[in-house]
Amino acid sequence: MNGKGTEGHRLNRLFTREQIASIVQGLADQISRDYDGRELVLVCILKGAFVFLSDLIRHLRIPAQVDFVRLASYGSGMKTCGKIEITKDVEIPLENKDVLIIEDIIDSGRTLRFLKDRLALLKPRSIKVCALLDKKSRREVEMEADYLGTDVDDIFIVGYGIDFNEYYRHLPEIYYVTPIDHSKV
Ligand code: IMP
Ligand code: MG
């Protein structure tokens, strides 16, 4: 997976559009029930969760405000480690609001741990996490999604907003990446 661009690896389909739609609908139903009558603010983590967020909000049956954060982490690009920084902060005041963080994938858990702790300083009424995918076997710090689409194995995911070196975000389905073994061709 060290090849430049889209070469040297292959995409294997993991979830179809229909499977994704059904997962997102299920999450939206749960959230609509639980947050009925509350002051819901969805805080989407850029960039990977933007497609998930855009589908999710259109299935909600309750009003929700939307905000975005962007985080930078120092690491290999495939792994979150060390220091995490916020490069675009929330703009909506979160005090006394019911905050739901929208994330694409939980891996080590470090990104969400950092963001959850940081947003908690803004004194929201509640703060929970909704993640589309979870690689539980990779967890390094304690972090559990309150709303989870589905678990996945320790594989590298792309599509539906999720990238590999900024490629593949546009794909409407979810794939996992495997290296092409030229010795077998
Ligand atoms: P964590 O901080 O280790 O939990 O990493 C979470 C972030 O890493 C996610 O927001 C993704 O941006 C990225 N990430 C983790 N796994 C994958 C993957 O399989 N494909 C693409 N990005 C991933
Ligand atoms: Mg991300």
# chains A, B, ... in the order shown; residues from 1 in each chain; ligands from 1
call {"tool": "residues_near_ligand", "arguments": {"ligand": "ligand 1", "cutoff": "6 Å", "atoms": "only C-alpha atoms and all ligand atoms", "output": "JSON, numbers by chain"}}
result
{"A": [48, 79, 80, 104, 105, 106, 107, 108, 109, 110, 111, 155, 156, 157, 158, 162, 163, 164]}
call {"tool": "residues_around", "arguments": {"residues": "segment 171-182 of chain A", "least_positions_apart": "4", "cutoff": "9 Å", "atoms": "only C-alpha atoms", "output": "VMD selection string"}}
result
chain A and resid 1 to 2 7 to 20 155 to 162 164
call {"tool": "select_by_dssp", "arguments": {"residues": "segment 5-176 of chain A", "states": "strand (DSSP E or B)", "output": "PyMOL selection string"}}
result
chain A and resi 9-15+40-46+65-74+81-88+98-106+126-134+147-151+156-159+162+164+167+174-176
call {"tool": "closest_residue", "arguments": {"among": "A:Leu119, A:Val66, A:Leu56, A:Ala145", "to": "Ile86 of chain A", "atoms": "only C-alpha atoms"}}
result
A:Leu119
call {"tool": "select_by_dssp", "arguments": {"residues": "segment 4-181 of chain A", "states": "alpha helix (DSSP H)", "output": "ChimeraX atom specification"}}
result
/A:17-34,50-59,110-120
call {"tool": "residues_around", "arguments": {"residues": "Arg118 of chain A", "least_positions_apart": "4", "cutoff": "12 Å", "atoms": "only C-alpha atoms", "output": "JSON, numbers by chain"}}
result
{"A": [69, 71, 84, 85, 86, 89, 90, 94, 101, 111, 112, 113, 114, 122, 123, 124, 127]}
call {"tool": "write_last_selection", "arguments": {"atoms": "N, CA, C and O atoms", "output": "PDB file, in the first residue's frame"}}
result
ATOM      1  N   VAL A  69     -15.422  20.050  12.828  1.00  0.00           N
ATOM      2  CA  VAL A  69     -14.065  20.244  13.354  1.00  0.00           C
ATOM      3  C   VAL A  69     -13.109  19.503  12.422  1.00  0.00           C
ATOM      4  O   VAL A  69     -13.504  18.547  11.733  1.00  0.00           O
ATOM      5  N   LEU A  71      -9.162  17.873  12.595  1.00  0.00           N
ATOM      6  CA  LEU A  71      -8.072  17.540  13.504  1.00  0.00           C
ATOM      7  C   LEU A  71      -6.846  17.130  12.695  1.00  0.00           C
ATOM      8  O   LEU A  71      -6.969  16.558  11.616  1.00  0.00           O
ATOM      9  N   ILE A  84      -2.239  15.248  18.896  1.00  0.00           N
ATOM     10  CA  ILE A  84      -3.369  15.605  18.029  1.00  0.00           C
ATOM     11  C   ILE A  84      -3.647  17.095  18.235  1.00  0.00           C
ATOM     12  O   ILE A  84      -3.588  17.588  19.362  1.00  0.00           O
ATOM     13  N   GLU A  85      -3.935  17.782  17.152  1.00  0.00           N
ATOM     14  CA  GLU A  85      -4.221  19.220  17.229  1.00  0.00           C
ATOM     15  C   GLU A  85      -5.531  19.508  16.537  1.00  0.00           C
ATOM     16  O   GLU A  85      -5.887  18.821  15.582  1.00  0.00           O
ATOM     17  N   ILE A  86      -6.220  20.567  16.989  1.00  0.00           N
ATOM     18  CA  ILE A  86      -7.435  20.975  16.305  1.00  0.00           C
ATOM     19  C   ILE A  86      -7.070  22.087  15.328  1.00  0.00           C
ATOM     20  O   ILE A  86      -6.428  23.056  15.696  1.00  0.00           O
ATOM     21  N   ASP A  89     -11.969  24.668  14.570  1.00  0.00           N
ATOM     22  CA  ASP A  89     -12.726  24.452  15.805  1.00  0.00           C
ATOM     23  C   ASP A  89     -14.229  24.597  15.557  1.00  0.00           C
ATOM     24  O   ASP A  89     -14.642  25.083  14.502  1.00  0.00           O
ATOM     25  N   VAL A  90     -15.034  24.192  16.536  1.00  0.00           N
ATOM     26  CA  VAL A  90     -16.488  24.413  16.441  1.00  0.00           C
ATOM     27  C   VAL A  90     -16.781  25.910  16.473  1.00  0.00           C
ATOM     28  O   VAL A  90     -16.020  26.692  17.055  1.00  0.00           O
ATOM     29  N   LEU A  94     -21.612  25.564  22.417  1.00  0.00           N
ATOM     30  CA  LEU A  94     -22.088  24.227  22.805  1.00  0.00           C
ATOM     31  C   LEU A  94     -22.601  24.156  24.240  1.00  0.00           C
ATOM     32  O   LEU A  94     -23.123  23.118  24.660  1.00  0.00           O
ATOM     33  N   ILE A 101     -20.986  13.706  18.422  1.00  0.00           N
ATOM     34  CA  ILE A 101     -19.842  13.725  17.513  1.00  0.00           C
ATOM     35  C   ILE A 101     -20.071  12.682  16.425  1.00  0.00           C
ATOM     36  O   ILE A 101     -20.440  11.539  16.714  1.00  0.00           O
ATOM     37  N   THR A 111      -8.264   9.905  18.462  1.00  0.00           N
ATOM     38  CA  THR A 111      -8.900  11.101  17.899  1.00  0.00           C
ATOM     39  C   THR A 111     -10.156  11.459  18.705  1.00  0.00           C
ATOM     40  O   THR A 111     -10.336  12.609  19.125  1.00  0.00           O
ATOM     41  N   LEU A 112     -11.006  10.478  18.916  1.00  0.00           N
ATOM     42  CA  LEU A 112     -12.255  10.742  19.627  1.00  0.00           C
ATOM     43  C   LEU A 112     -12.027  11.066  21.092  1.00  0.00           C
ATOM     44  O   LEU A 112     -12.716  11.903  21.662  1.00  0.00           O
ATOM     45  N   ARG A 113     -11.062  10.400  21.695  1.00  0.00           N
ATOM     46  CA  ARG A 113     -10.740  10.686  23.104  1.00  0.00           C
ATOM     47  C   ARG A 113     -10.354  12.157  23.258  1.00  0.00           C
ATOM     48  O   ARG A 113     -10.842  12.881  24.119  1.00  0.00           O
ATOM     49  N   PHE A 114      -9.469  12.604  22.338  1.00  0.00           N
ATOM     50  CA  PHE A 114      -8.997  13.996  22.352  1.00  0.00           C
ATOM     51  C   PHE A 114     -10.169  14.959  22.162  1.00  0.00           C
ATOM     52  O   PHE A 114     -10.347  15.909  22.922  1.00  0.00           O
ATOM     53  N   LEU A 122     -16.356  22.848  26.935  1.00  0.00           N
ATOM     54  CA  LEU A 122     -17.320  23.876  26.514  1.00  0.00           C
ATOM     55  C   LEU A 122     -18.675  23.706  27.218  1.00  0.00           C
ATOM     56  O   LEU A 122     -19.647  24.357  26.865  1.00  0.00           O
ATOM     57  N   LYS A 123     -18.718  22.793  28.182  1.00  0.00           N
ATOM     58  CA  LYS A 123     -19.877  22.583  29.057  1.00  0.00           C
ATOM     59  C   LYS A 123     -21.184  22.236  28.321  1.00  0.00           C
ATOM     60  O   LYS A 123     -22.244  22.833  28.576  1.00  0.00           O
ATOM     61  N   PRO A 124     -21.145  21.279  27.394  1.00  0.00           N
ATOM     62  CA  PRO A 124     -22.401  20.829  26.801  1.00  0.00           C
ATOM     63  C   PRO A 124     -23.239  20.086  27.848  1.00  0.00           C
ATOM     64  O   PRO A 124     -22.705  19.623  28.861  1.00  0.00           O
ATOM     65  N   ILE A 127     -22.623  14.769  25.863  1.00  0.00           N
ATOM     66  CA  ILE A 127     -21.738  14.591  24.715  1.00  0.00           C
ATOM     67  C   ILE A 127     -21.582  13.099  24.426  1.00  0.00           C
ATOM     68  O   ILE A 127     -21.183  12.324  25.299  1.00  0.00           O
TER      69      ILE A 127
END
call {"tool": "atom_distance", "arguments": {"atom1": "atom CA of Leu100 of chain A", "atom2": "atom CA of Val41 of chain A"}}
result
6.2 Å
call {"tool": "closest_residue", "arguments": {"among": "A:Leu46, A:Ala28, A:Leu121, A:Leu53", "to": "ligand 2", "atoms": "only C-alpha atoms and all ligand atoms"}}
result
A:Leu46
